[in-house]
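Next comes my_file.cif, a file with mmCIF, C-alpha atoms (C1' of nucleotides).
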data_protein
loop_
_atom_site.label_atom_id
_atom_site.label_comp_id
_atom_site.auth_asym_id
_atom_site.auth_seq_id
_atom_site.Cartn_x
_atom_site.Cartn_y
_atom_site.Cartn_z
CA MET A 1 -21.53 1.18 -29.30
CA ALA A 2 -20.29 -2.32 -28.58
CA ALA A 3 -20.10 -3.53 -25.00
CA PRO A 4 -16.56 -2.96 -23.74
CA LYS A 5 -14.41 -6.04 -23.45
CA THR A 6 -13.81 -7.39 -19.96
CA ARG A 7 -10.10 -6.88 -20.30
CA ASP A 8 -10.55 -3.19 -20.96
CA ARG A 9 -12.97 -2.85 -18.08
CA VAL A 10 -10.39 -4.47 -15.82
CA VAL A 11 -7.69 -2.03 -16.88
CA ASP A 12 -10.10 0.84 -16.41
CA ALA A 13 -11.03 -0.27 -12.90
CA ALA A 14 -7.37 -0.83 -12.07
CA LEU A 15 -6.39 2.59 -13.40
CA TRP A 16 -9.05 4.18 -11.27
CA ALA A 17 -8.13 2.25 -8.13
CA PHE A 18 -4.35 2.56 -8.50
CA GLY A 19 -4.70 6.24 -9.31
CA THR A 20 -6.86 7.07 -6.31
CA ARG A 21 -5.99 4.61 -3.55
CA GLY A 22 -2.51 3.70 -4.77
CA TYR A 23 -1.02 0.42 -5.93
CA ASP A 24 -0.40 -1.02 -2.49
CA GLY A 25 -3.77 0.19 -1.27
CA THR A 26 -5.57 -1.73 -3.98
CA SER A 27 -6.09 -5.50 -3.98
CA LEU A 28 -6.90 -7.66 -6.94
CA ASP A 29 -10.20 -8.43 -5.23
CA ASP A 30 -11.00 -4.70 -5.23
CA VAL A 31 -10.43 -4.46 -8.95
CA ALA A 32 -12.31 -7.67 -9.68
CA GLY A 33 -15.23 -6.59 -7.51
CA GLU A 34 -15.49 -3.30 -9.38
CA VAL A 35 -15.79 -5.16 -12.66
CA GLY A 36 -18.08 -7.82 -11.24
CA ILE A 37 -15.85 -10.80 -11.83
CA THR A 38 -13.55 -12.88 -9.64
CA LYS A 39 -9.95 -12.17 -8.88
CA GLN A 40 -8.94 -15.22 -10.86
CA ALA A 41 -10.57 -13.81 -13.96
CA VAL A 42 -8.38 -10.75 -13.53
CA LEU A 43 -5.36 -13.01 -13.26
CA TYR A 44 -6.44 -14.71 -16.45
CA HIS A 45 -6.04 -11.48 -18.40
CA PHE A 46 -3.00 -10.25 -16.48
CA PRO A 47 -0.62 -12.86 -15.10
CA THR A 48 0.45 -10.71 -12.15
CA LYS A 49 -0.68 -7.58 -10.34
CA GLU A 50 2.38 -5.74 -11.58
CA GLU A 51 1.48 -6.59 -15.16
CA LEU A 52 -1.91 -5.03 -14.54
CA LEU A 53 -0.17 -1.93 -13.25
CA ARG A 54 1.94 -1.78 -16.39
CA SER A 55 -1.16 -1.90 -18.55
CA SER A 56 -2.78 0.81 -16.45
CA ILE A 57 0.30 2.98 -16.85
CA GLU A 58 0.20 2.37 -20.58
CA VAL A 59 -3.39 3.55 -20.84
CA ALA A 60 -2.77 6.54 -18.57
CA ALA A 61 0.25 7.61 -20.59
CA GLU A 62 -1.72 7.31 -23.81
CA GLU A 63 -4.51 9.39 -22.38
CA VAL A 64 -2.16 12.11 -21.21
CA GLY A 65 -0.43 12.11 -24.57
CA ALA A 66 -3.71 12.29 -26.46
CA ALA A 67 -5.04 15.12 -24.30
CA LEU A 68 -1.93 17.22 -24.76
CA ALA A 69 -1.59 16.46 -28.45
CA GLN A 70 -5.18 17.48 -29.05
CA ALA A 71 -4.71 20.62 -26.99
CA LEU A 72 -1.78 21.72 -29.10
CA ARG A 73 -3.46 21.15 -32.44
CA SER A 74 -3.62 24.42 -34.38
CA VAL A 75 -2.17 26.45 -31.53
CA PRO A 76 0.78 28.49 -32.85
CA PRO A 77 4.01 28.70 -30.87
CA GLY A 78 4.19 31.23 -28.09
CA PHE A 79 2.66 31.45 -24.67
CA GLY A 80 -0.65 30.24 -26.08
CA ARG A 81 0.84 26.76 -26.13
CA VAL A 82 1.60 26.88 -22.44
CA GLU A 83 -1.90 28.09 -21.83
CA ALA A 84 -3.34 25.27 -23.89
CA ILE A 85 -1.27 22.72 -21.98
CA VAL A 86 -2.39 24.02 -18.61
CA LYS A 87 -6.03 24.06 -19.67
CA ALA A 88 -5.81 20.54 -21.03
CA THR A 89 -4.13 19.30 -17.85
CA PHE A 90 -6.75 20.86 -15.59
CA SER A 91 -9.48 19.51 -17.80
CA LEU A 92 -7.97 16.05 -17.56
CA ALA A 93 -7.66 16.41 -13.79
CA ALA A 94 -11.34 17.27 -13.54
CA ARG A 95 -12.54 14.66 -16.02
CA ARG A 96 -10.33 11.74 -15.03
CA PRO A 97 -8.53 12.54 -11.78
CA GLU A 98 -7.26 8.99 -11.54
CA VAL A 99 -5.06 9.44 -14.60
CA LEU A 100 -2.91 12.20 -13.14
CA GLY A 101 -3.19 10.53 -9.76
CA LEU A 102 -1.57 7.44 -11.22
CA VAL A 103 1.15 9.52 -12.84
CA ARG A 104 1.88 11.14 -9.51
CA SER A 105 1.94 8.03 -7.40
CA VAL A 106 3.93 6.03 -9.93
CA THR A 107 6.63 8.65 -10.46
CA ARG A 108 6.83 9.04 -6.71
CA GLN A 109 7.15 5.36 -5.99
CA GLY A 110 10.00 4.83 -8.41
CA GLY A 111 11.23 1.45 -9.54
CA ALA A 112 10.44 -0.37 -12.75
CA PRO A 113 6.90 1.01 -13.17
CA ALA A 114 8.21 4.57 -12.91
CA GLY A 115 10.74 3.76 -15.61
CA GLU A 116 7.96 2.38 -17.76
CA LEU A 117 5.91 5.56 -17.41
CA ALA A 118 8.97 7.72 -17.83
CA GLY A 119 9.75 6.03 -21.12
CA ARG A 120 6.26 6.57 -22.40
CA LEU A 121 6.21 10.24 -21.48
CA SER A 122 9.79 11.11 -22.29
CA ALA A 123 8.96 12.11 -25.88
CA LEU A 124 6.38 14.54 -24.57
CA LEU A 125 8.82 16.07 -22.12
CA ASP A 126 11.56 16.25 -24.73
CA ASP A 127 9.21 18.15 -27.00
CA ALA A 128 8.35 20.50 -24.17
CA VAL A 129 12.01 21.17 -23.47
CA ALA A 130 12.72 21.79 -27.13
CA PHE A 131 9.74 24.13 -27.34
CA MET A 132 10.96 26.09 -24.32
CA ALA A 133 14.45 26.36 -25.74
CA ALA A 134 13.11 27.61 -29.08
CA GLU A 135 10.87 30.21 -27.45
CA MET A 136 13.75 31.46 -25.35
CA GLU A 137 15.96 31.59 -28.41
CA ALA A 138 13.32 33.66 -30.19
CA GLY A 139 13.22 36.04 -27.25
CA ARG A 140 9.55 35.37 -26.53
CA PHE A 141 10.33 33.65 -23.23
CA ARG A 142 12.72 34.73 -20.53
CA SER A 143 16.04 32.91 -20.71
CA LEU A 144 16.10 30.19 -18.08
CA GLU A 145 17.22 26.59 -18.04
CA PRO A 146 14.58 24.97 -20.29
CA ARG A 147 14.59 21.61 -18.51
CA MET A 148 14.14 23.17 -15.12
CA VAL A 149 11.33 25.35 -16.40
CA VAL A 150 9.54 22.32 -17.77
CA LEU A 151 10.02 20.52 -14.47
CA ALA A 152 8.74 23.52 -12.52
CA ILE A 153 5.68 23.85 -14.74
CA TYR A 154 5.06 20.13 -14.67
CA SER A 155 5.15 19.91 -10.90
CA SER A 156 3.18 23.05 -10.22
CA VAL A 157 0.40 22.16 -12.63
CA ILE A 158 0.25 18.52 -11.54
CA GLY A 159 0.43 19.65 -7.94
CA VAL A 160 -2.34 22.19 -8.13
CA ALA A 161 -4.48 19.88 -10.20
CA THR A 162 -4.10 16.96 -7.81
CA GLU A 163 -3.80 18.47 -4.34
CA PRO A 164 -7.35 19.06 -3.18
CA GLU A 165 -6.29 18.62 0.44
CA VAL A 166 -3.82 21.49 0.36
CA MET A 167 -6.33 23.68 -1.44
CA ARG A 168 -8.79 22.96 1.33
CA VAL A 169 -6.27 24.08 3.93
CA LEU A 170 -5.88 27.31 2.06
CA GLY A 171 -9.59 27.84 2.39
CA VAL A 172 -10.42 26.87 -1.16
CA GLU A 173 -13.05 24.21 -1.63
CA PRO A 174 -12.05 22.05 -4.58
CA ASP A 175 -15.23 22.57 -6.55
CA LEU A 176 -15.45 23.29 -10.24
CA ARG A 177 -15.48 27.07 -9.90
CA SER A 178 -12.37 27.11 -7.73
CA LEU A 179 -10.66 24.79 -10.14
CA VAL A 180 -11.38 27.14 -13.00
CA GLN A 181 -10.10 30.02 -10.91
CA ALA A 182 -7.00 28.05 -9.98
CA ARG A 183 -6.41 27.34 -13.63
CA ARG A 184 -6.64 31.01 -14.55
CA GLN A 185 -4.33 31.98 -11.72
CA MET A 186 -1.87 29.31 -12.72
CA ILE A 187 -1.79 30.65 -16.25
CA GLU A 188 -1.25 34.20 -15.01
CA PHE A 189 1.50 32.96 -12.75
CA LEU A 190 3.26 31.17 -15.59
CA ARG A 191 2.80 34.09 -17.94
CA ALA A 192 4.48 36.36 -15.40
CA ALA A 193 7.30 33.87 -14.96
CA LEU A 194 7.90 33.22 -18.64
CA CYS A 195 7.09 36.35 -20.62
CA PRO A 196 9.56 39.22 -20.31
CA MET B 1 24.59 12.08 23.85
CA ALA B 2 22.14 9.71 25.45
CA ALA B 3 21.01 6.64 23.52
CA PRO B 4 17.71 7.45 21.78
CA LYS B 5 14.60 5.93 23.33
CA THR B 6 13.08 2.99 21.52
CA ARG B 7 9.86 4.87 21.00
CA ASP B 8 11.65 7.64 19.15
CA ARG B 9 13.58 5.17 17.05
CA VAL B 10 10.29 3.52 16.09
CA VAL B 11 8.79 6.83 14.99
CA ASP B 12 11.93 7.61 13.06
CA ALA B 13 11.90 4.29 11.26
CA ALA B 14 8.19 4.67 10.55
CA LEU B 15 8.64 8.18 9.22
CA TRP B 16 11.34 6.96 6.92
CA ALA B 17 9.37 3.95 5.69
CA PHE B 18 6.03 5.74 5.32
CA GLY B 19 7.75 8.64 3.58
CA THR B 20 9.58 6.51 1.04
CA ARG B 21 7.51 3.37 0.47
CA GLY B 22 4.17 4.78 1.56
CA TYR B 23 1.82 3.81 4.36
CA ASP B 24 0.24 0.84 2.63
CA GLY B 25 3.60 -0.30 1.35
CA THR B 26 5.01 -0.51 4.85
CA SER B 27 4.18 -3.23 7.35
CA LEU B 28 4.63 -3.07 11.08
CA ASP B 29 7.16 -5.89 10.68
CA ASP B 30 9.18 -3.65 8.36
CA VAL B 31 9.31 -0.90 10.94
CA ALA B 32 10.06 -3.27 13.79
CA GLY B 33 12.79 -4.97 11.81
CA GLU B 34 14.45 -1.64 11.10
CA VAL B 35 14.57 -0.89 14.81
CA GLY B 36 15.58 -4.42 15.74
CA ILE B 37 12.56 -5.27 17.86
CA THR B 38 9.40 -7.28 17.28
CA LYS B 39 6.19 -5.99 15.81
CA GLN B 40 4.49 -6.43 19.17
CA ALA B 41 6.95 -4.07 20.79
CA VAL B 42 5.92 -1.48 18.20
CA LEU B 43 2.29 -2.12 19.11
CA TYR B 44 3.19 -1.62 22.74
CA HIS B 45 4.23 1.97 22.07
CA PHE B 46 1.55 2.66 19.46
CA PRO B 47 -1.77 0.85 19.84
CA THR B 48 -2.44 0.79 16.09
CA LYS B 49 -0.60 1.36 12.85
CA GLU B 50 -2.61 4.48 12.21
CA GLU B 51 -1.55 5.90 15.55
CA LEU B 52 2.04 5.34 14.49
CA LEU B 53 1.31 7.24 11.29
CA ARG B 54 -0.13 10.11 13.31
CA SER B 55 3.03 10.31 15.37
CA SER B 56 5.16 10.23 12.23
CA ILE B 57 3.10 13.04 10.76
CA GLU B 58 3.52 14.99 13.96
CA VAL B 59 7.29 14.69 13.82
CA ALA B 60 7.40 15.49 10.11
CA ALA B 61 5.26 18.57 10.56
CA GLU B 62 7.44 19.75 13.42
CA GLU B 63 10.54 19.26 11.32
CA VAL B 64 9.12 21.20 8.40
CA GLY B 65 7.97 23.95 10.71
CA ALA B 66 11.35 24.16 12.42
CA ALA B 67 13.25 24.22 9.12
CA LEU B 68 11.14 27.03 7.74
CA ALA B 69 11.08 29.04 10.97
CA GLN B 70 14.84 28.85 11.21
CA ALA B 71 15.19 29.84 7.56
CA LEU B 72 13.14 32.97 8.07
CA ARG B 73 14.97 34.15 11.16
CA SER B 74 16.45 37.57 10.54
CA VAL B 75 15.41 37.62 6.89
CA PRO B 76 13.54 40.85 6.19
CA PRO B 77 10.33 40.85 4.15
CA GLY B 78 10.66 40.87 0.40
CA PHE B 79 11.72 38.26 -2.13
CA GLY B 80 14.56 37.22 0.16
CA ARG B 81 12.00 35.37 2.25
CA VAL B 82 10.82 33.34 -0.70
CA GLU B 83 14.43 32.57 -1.50
CA ALA B 84 15.08 31.47 2.06
CA ILE B 85 12.01 29.21 2.02
CA VAL B 86 13.04 27.56 -1.23
CA LYS B 87 16.58 27.00 0.02
CA ALA B 88 15.35 25.53 3.28
CA THR B 89 12.93 23.25 1.46
CA PHE B 90 15.59 21.96 -0.90
CA SER B 91 17.96 21.49 1.99
CA LEU B 92 15.35 19.50 3.85
CA ALA B 93 14.64 17.44 0.74
CA ALA B 94 18.33 16.56 0.45
CA ARG B 95 18.90 15.95 4.16
CA ARG B 96 15.70 14.11 5.03
CA PRO B 97 13.85 13.18 1.83
CA GLU B 98 11.40 11.06 3.78
CA VAL B 99 9.95 14.10 5.53
CA LEU B 100 8.70 15.78 2.37
CA GLY B 101 7.91 12.37 0.97
CA LEU B 102 5.55 11.76 3.85
CA VAL B 103 3.96 15.18 3.39
CA ARG B 104 3.36 14.38 -0.25
CA SER B 105 1.96 10.93 0.18
CA VAL B 106 -0.24 11.90 3.12
CA THR B 107 -1.75 14.95 1.45
CA ARG B 108 -2.34 12.86 -1.62
CA GLN B 109 -4.01 10.00 0.17
CA GLY B 110 -6.49 12.23 1.99
CA GLY B 111 -8.63 11.08 4.88
CA ALA B 112 -8.05 11.66 8.57
CA PRO B 113 -4.23 11.63 8.43
CA ALA B 114 -4.27 14.34 5.79
CA GLY B 115 -6.52 16.42 8.00
CA GLU B 116 -4.10 15.90 10.85
CA LEU B 117 -1.17 17.11 8.78
CA ALA B 118 -3.20 19.93 7.33
CA GLY B 119 -4.04 21.16 10.79
CA ARG B 120 -0.42 21.14 11.84
CA LEU B 121 0.75 23.01 8.76
CA SER B 122 -2.18 25.38 8.35
CA ALA B 123 -0.58 28.08 10.50
CA LEU B 124 2.47 27.99 8.26
CA LEU B 125 0.38 28.28 5.13
CA ASP B 126 -1.75 31.04 6.60
CA ASP B 127 1.39 32.98 7.39
CA ALA B 128 2.59 32.45 3.87
CA VAL B 129 -0.67 33.72 2.41
CA ALA B 130 -0.62 36.77 4.69
CA PHE B 131 2.96 37.45 3.69
CA MET B 132 2.10 37.25 0.00
CA ALA B 133 -0.86 39.57 0.43
CA ALA B 134 1.26 42.11 2.32
CA GLU B 135 4.00 42.05 -0.29
CA MET B 136 1.48 42.55 -3.07
CA GLU B 137 -0.13 45.36 -1.14
CA ALA B 138 3.27 47.01 -0.79
CA GLY B 139 3.79 46.68 -4.51
CA ARG B 140 6.88 44.51 -4.16
CA PHE B 141 5.13 41.47 -5.64
CA ARG B 142 2.91 41.28 -8.68
CA SER B 143 -0.77 41.31 -7.78
CA LEU B 144 -2.13 37.80 -8.01
CA GLU B 145 -4.42 35.69 -5.87
CA PRO B 146 -2.20 35.13 -2.79
CA ARG B 147 -3.59 31.68 -1.94
CA MET B 148 -3.10 30.42 -5.44
CA VAL B 149 0.42 31.78 -5.53
CA VAL B 150 1.24 29.95 -2.31
CA LEU B 151 -0.27 26.79 -3.70
CA ALA B 152 1.69 27.13 -6.93
CA ILE B 153 4.95 27.73 -5.08
CA TYR B 154 4.24 24.93 -2.65
CA SER B 155 3.57 22.39 -5.35
CA SER B 156 6.38 23.41 -7.64
CA VAL B 157 8.99 23.39 -4.87
CA ILE B 158 7.73 20.17 -3.32
CA GLY B 159 7.46 18.67 -6.78
CA VAL B 160 10.95 19.56 -7.92
CA ALA B 161 12.42 18.59 -4.58
CA THR B 162 10.74 15.18 -4.53
CA GLU B 163 10.51 14.06 -8.16
CA PRO B 164 13.88 12.53 -8.94
CA GLU B 165 12.27 10.25 -11.49
CA VAL B 166 10.98 13.09 -13.61
CA MET B 167 14.30 14.87 -13.34
CA ARG B 168 15.97 11.75 -14.62
CA VAL B 169 13.66 11.68 -17.63
CA LEU B 170 14.66 15.24 -18.38
CA GLY B 171 18.25 14.10 -18.48
CA VAL B 172 19.18 15.48 -15.08
CA GLU B 173 20.76 13.07 -12.66
CA PRO B 174 19.48 13.83 -9.19
CA ASP B 175 22.88 14.38 -7.62
CA LEU B 176 23.83 17.18 -5.30
CA ARG B 177 25.12 19.52 -8.00
CA SER B 178 21.94 19.21 -10.07
CA LEU B 179 19.86 19.77 -6.98
CA VAL B 180 21.72 22.98 -6.26
CA GLN B 181 21.25 24.04 -9.85
CA ALA B 182 17.57 23.16 -9.70
CA ARG B 183 17.25 25.25 -6.57
CA ARG B 184 18.87 28.24 -8.23
CA GLN B 185 16.67 27.89 -11.28
CA MET B 186 13.58 27.54 -9.13
CA ILE B 187 14.45 30.77 -7.35
CA GLU B 188 14.99 32.56 -10.65
CA PHE B 189 11.72 31.21 -11.92
CA LEU B 190 9.84 32.44 -8.85
CA ARG B 191 11.59 35.79 -8.92
CA ALA B 192 10.45 36.28 -12.50
CA ALA B 193 6.92 35.26 -11.59
CA LEU B 194 6.62 37.40 -8.47
CA CYS B 195 8.72 40.52 -8.90
CA PRO B 196 7.35 43.10 -11.34
"C1'" DC C 1 -20.23 -34.53 -33.84
"C1'" DG C 2 -15.94 -33.85 -31.61
"C1'" DA C 3 -11.90 -31.01 -30.70
"C1'" DT C 4 -10.06 -26.84 -29.43
"C1'" DC C 5 -9.82 -22.25 -27.82
"C1'" DT C 6 -11.54 -18.42 -25.07
"C1'" DC C 7 -13.10 -16.83 -20.81
"C1'" DC C 8 -14.45 -17.53 -16.79
"C1'" DT C 9 -15.57 -20.17 -12.05
"C1'" DT C 10 -14.85 -22.86 -7.73
"C1'" DA C 11 -11.51 -24.70 -4.75
"C1'" DC C 12 -7.32 -24.15 -2.64
"C1'" DC C 13 -2.88 -22.47 -0.60
"C1'" DA C 14 1.24 -20.28 1.51
"C1'" DT C 15 2.35 -16.04 3.14
"C1'" DC C 16 1.65 -11.72 5.17
"C1'" DT C 17 -1.28 -8.48 7.66
"C1'" DG C 18 -2.69 -5.84 11.87
"C1'" DG C 19 -3.83 -7.03 16.29
"C1'" DT C 20 -4.58 -9.86 20.96
"C1'" DA C 21 -3.12 -12.53 25.09
"C1'" DA C 22 -0.14 -13.93 28.23
"C1'" DG C 23 4.25 -14.29 30.20
"C1'" DT C 24 8.98 -12.32 31.64
"C1'" DA C 25 13.07 -9.58 32.80
"C1'" DT C 26 14.31 -5.17 34.76
"C1'" DT C 27 13.67 -1.13 37.29
"C1'" DC C 28 11.45 1.81 40.54
"C1'" DC C 29 9.02 2.53 44.83
"C1'" DC C 30 7.78 1.48 49.56
"C1'" DG D 1 12.03 -8.06 50.22
"C1'" DG D 2 7.44 -7.42 47.82
"C1'" DG D 3 4.53 -5.09 44.63
"C1'" DA D 4 3.81 -2.59 40.72
"C1'" DA D 5 4.95 -0.31 36.53
"C1'" DT D 6 7.80 -0.43 32.22
"C1'" DA D 7 9.35 -2.49 28.16
"C1'" DC D 8 9.60 -5.91 26.01
"C1'" DT D 9 9.08 -11.28 24.32
"C1'" DT D 10 6.85 -15.65 22.54
"C1'" DA D 11 2.64 -17.67 21.05
"C1'" DC D 12 -1.25 -17.14 18.58
"C1'" DC D 13 -5.15 -15.73 15.39
"C1'" DA D 14 -8.55 -14.33 11.92
"C1'" DG D 15 -8.73 -12.28 7.75
"C1'" DA D 16 -6.71 -10.57 3.54
"C1'" DT D 17 -3.29 -11.07 -0.17
"C1'" DG D 18 -1.23 -12.61 -4.58
"C1'" DG D 19 -1.14 -16.63 -7.01
"C1'" DT D 20 -2.01 -21.83 -8.61
"C1'" DA D 21 -4.80 -25.84 -10.25
"C1'" DA D 22 -8.44 -27.74 -12.30
"C1'" DG D 23 -12.73 -27.70 -14.39
"C1'" DG D 24 -16.80 -25.98 -16.98
"C1'" DA D 25 -19.82 -23.21 -20.30
"C1'" DG D 26 -19.96 -21.51 -24.78
"C1'" DA D 27 -18.42 -20.27 -29.29
"C1'" DT D 28 -15.55 -21.64 -33.44
"C1'" DC D 29 -13.83 -24.82 -36.60
"C1'" DG D 30 -12.85 -29.13 -39.11
#

What is this file in structure tokens?
Amino acid sequence: MAAPKTRDRVVDAALWAFGTRGYDGTSLDDVAGEVGITKQAVLYHFPTKEELLRSSIEVAAEEVGAALAQALRSVPPGFGRVEAIVKATFSLAARRPEVLGLVRSVTRQGGAPAGELAGRLSALLDDAVAFMAAEMEAGRFRSLEPRMVVLAIYSSVIGVATEPEVMRVLGVEPDLRSLVQARRQMIEFLRAALCP
Amino acid sequence: MAAPKTRDRVVDAALWAFGTRGYDGTSLDDVAGEVGITKQAVLYHFPTKEELLRSSIEVAAEEVGAALAQALRSVPPGFGRVEAIVKATFSLAARRPEVLGLVRSVTRQGGAPAGELAGRLSALLDDAVAFMAAEMEAGRFRSLEPRMVVLAIYSSVIGVATEPEVMRVLGVEPDLRSLVQARRQMIEFLRAALCP
DNA sequence: CGATCTCCTTACCATCTGGTAAGTATTCCC
DNA sequence: GGGAATACTTACCAGATGGTAAGGAGATCG
């Protein structure tokens, strides 16, 4: 395996930092230090900090898209698809927490970066809405507003997968076992909500 | 009505700024400017920026607690309580978006401030868990893990109520009518999930 | 060999950051 | 009236921040 290019290592470090400590909480020096180069080297690859954020968002969006696409491969329509999505999301949250962390903080913050991310994920969400509508049409899912259902599932899964602090308050240590349990419970919850 | 004390106006401005632009994205000069005083006057009332955050969290937690307590007054046990909670949360999100925004960003960021907030809201969450358990015991709610159900409801409601960007991607403009519709759909969704 | 391009460094800078120190106007208390 | 407490202000500071300018090492190319 070839040594990763500096540019990619910079984006990776930025994705991690932005996704965990937030954009404003991360300085270019932080990112550069992580990679082992100077801040000016970072600015050589990315003219501004915001450009670096855009690249991080791009990578994060790709990763989310890839994870979900792979999860859905050879899973027939029906609730199994929802299950696959939830599992893939939890797996991503455990493997690369910074990716969903970035999604959360960027969508929250709003502005141009949020629009950027939104554009890159809109196809995914559109597919999800269409899937919901089709399942409802076929009578396999309860009839609700498809867009709202997608939004509810999105926020509950993202929330549970990225809210260790709240879990801790509820007396659940965010270790691997609890995460697996949370995942199972989330699936049961959604099954109850969706399947008549 | 007496003119509000400077100190309270500072906390209010800080709550708004921290809740919308985030802690790191807000400078003491921003807060001071909003109030119309100098940064040093802010530091007179609050020795450090973090202390100001703690006070903001305190006020936010009180506001959430008050909103929920008032919503539950004279609502008998059963799904009606869930409905009342969701309505109160959406109402709070529309009236004072910065309050839930602060809750979100603080719980996300972690650290001491998150612990602070967690402590102030833990009683609320404990009550919610106990309520869920009792309802399940009585057979009015589907039997699921009560803590996970609370977490799922918490994150989906908070998510929907504070994710205008995602709503926009789904083709829903975050105006008042859509918010009311989202609230209704959220209640239907939870009813389906909880009630056998 | 010399030129150019890529990728990085050192040196620098204006601005902003949270925070300190000292002074001042007003009010309260005696 | 004099002293002290309250609620600010102006003046200041050290360090961090995003960003610029210029230069250098090394590979590629003619």

Contact residues (chain A, partner chain C, 9 Å, all atoms listed in the file) as a PyMOL selection string: chain A and resi 37-38+40-41+44

Picked residues, the PyMOL selection byres ((chain D) within 9 of (chain A)), as JSON, numbers by chain: {"D": [17, 18, 19]}

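Nearest residue to chain A, choosing from B:Arg21, B:Phe46, B:Ala66, B:Glu58 and counting all atoms listed in the file: B:Arg21.
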
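With CA of Leu144 (chain B) on one side and CA of Phe131 (chain B) on the other, the separation reads 12.8 Å.
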
At most 7 Å to chain A: residues in chain B, only C-alpha atoms, as number ranges by chain: B: 21, 24-25, 107-110, 118, 122, 145, 147-148, 151-152, 155-156, 159-160, 163, 165-166, 169-170, 182, 185, 189-190, 192-193

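Between CA of Ser178 (chain B) and CA of Ala88 (chain B) the interatomic distance comes to 16.2 Å.
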
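Taking CA of Asp12 (chain A) as the reference point, CA of Leu102 (chain A) is found at 12.0 Å.
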
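The residue set within 10 Å of Gln70 (chain A), counting only C-alpha atoms (C1' of nucleotides) and dropping same-chain residues fewer than 5 places from it, reads A:Val64, A:Gly65, A:Val75, A:Ala84, A:Ile85, A:Ala88.
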
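All protein and nucleic acid residues in the vicinity of (-2.4, 11.7, 13.3), that is within 6 Å when counting all atoms listed in the file, are Arg54, Ser55, Pro113 and Glu116 of chain B.
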
How would the residues just chosen look if you wrote them out with C-alpha atoms as a short mmCIF file (atom, residue, chain, number, x, y, z; two decimals), keeping the file's coordinate frame?
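Wrote part38.cif, looks like this:
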data_model
loop_
_atom_site.label_atom_id
_atom_site.label_comp_id
_atom_site.auth_asym_id
_atom_site.auth_seq_id
_atom_site.Cartn_x
_atom_site.Cartn_y
_atom_site.Cartn_z
CA ARG B 54 -0.13 10.11 13.31
CA SER B 55 3.03 10.31 15.37
CA PRO B 113 -4.23 11.63 8.43
CA GLU B 116 -4.10 15.90 10.85
#

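Using all atoms listed in the file, the shortest contact distance between Phe141 (chain B) and any of B:Leu179, B:Val82, B:Leu15, B:Leu92 is found at B:Val82.
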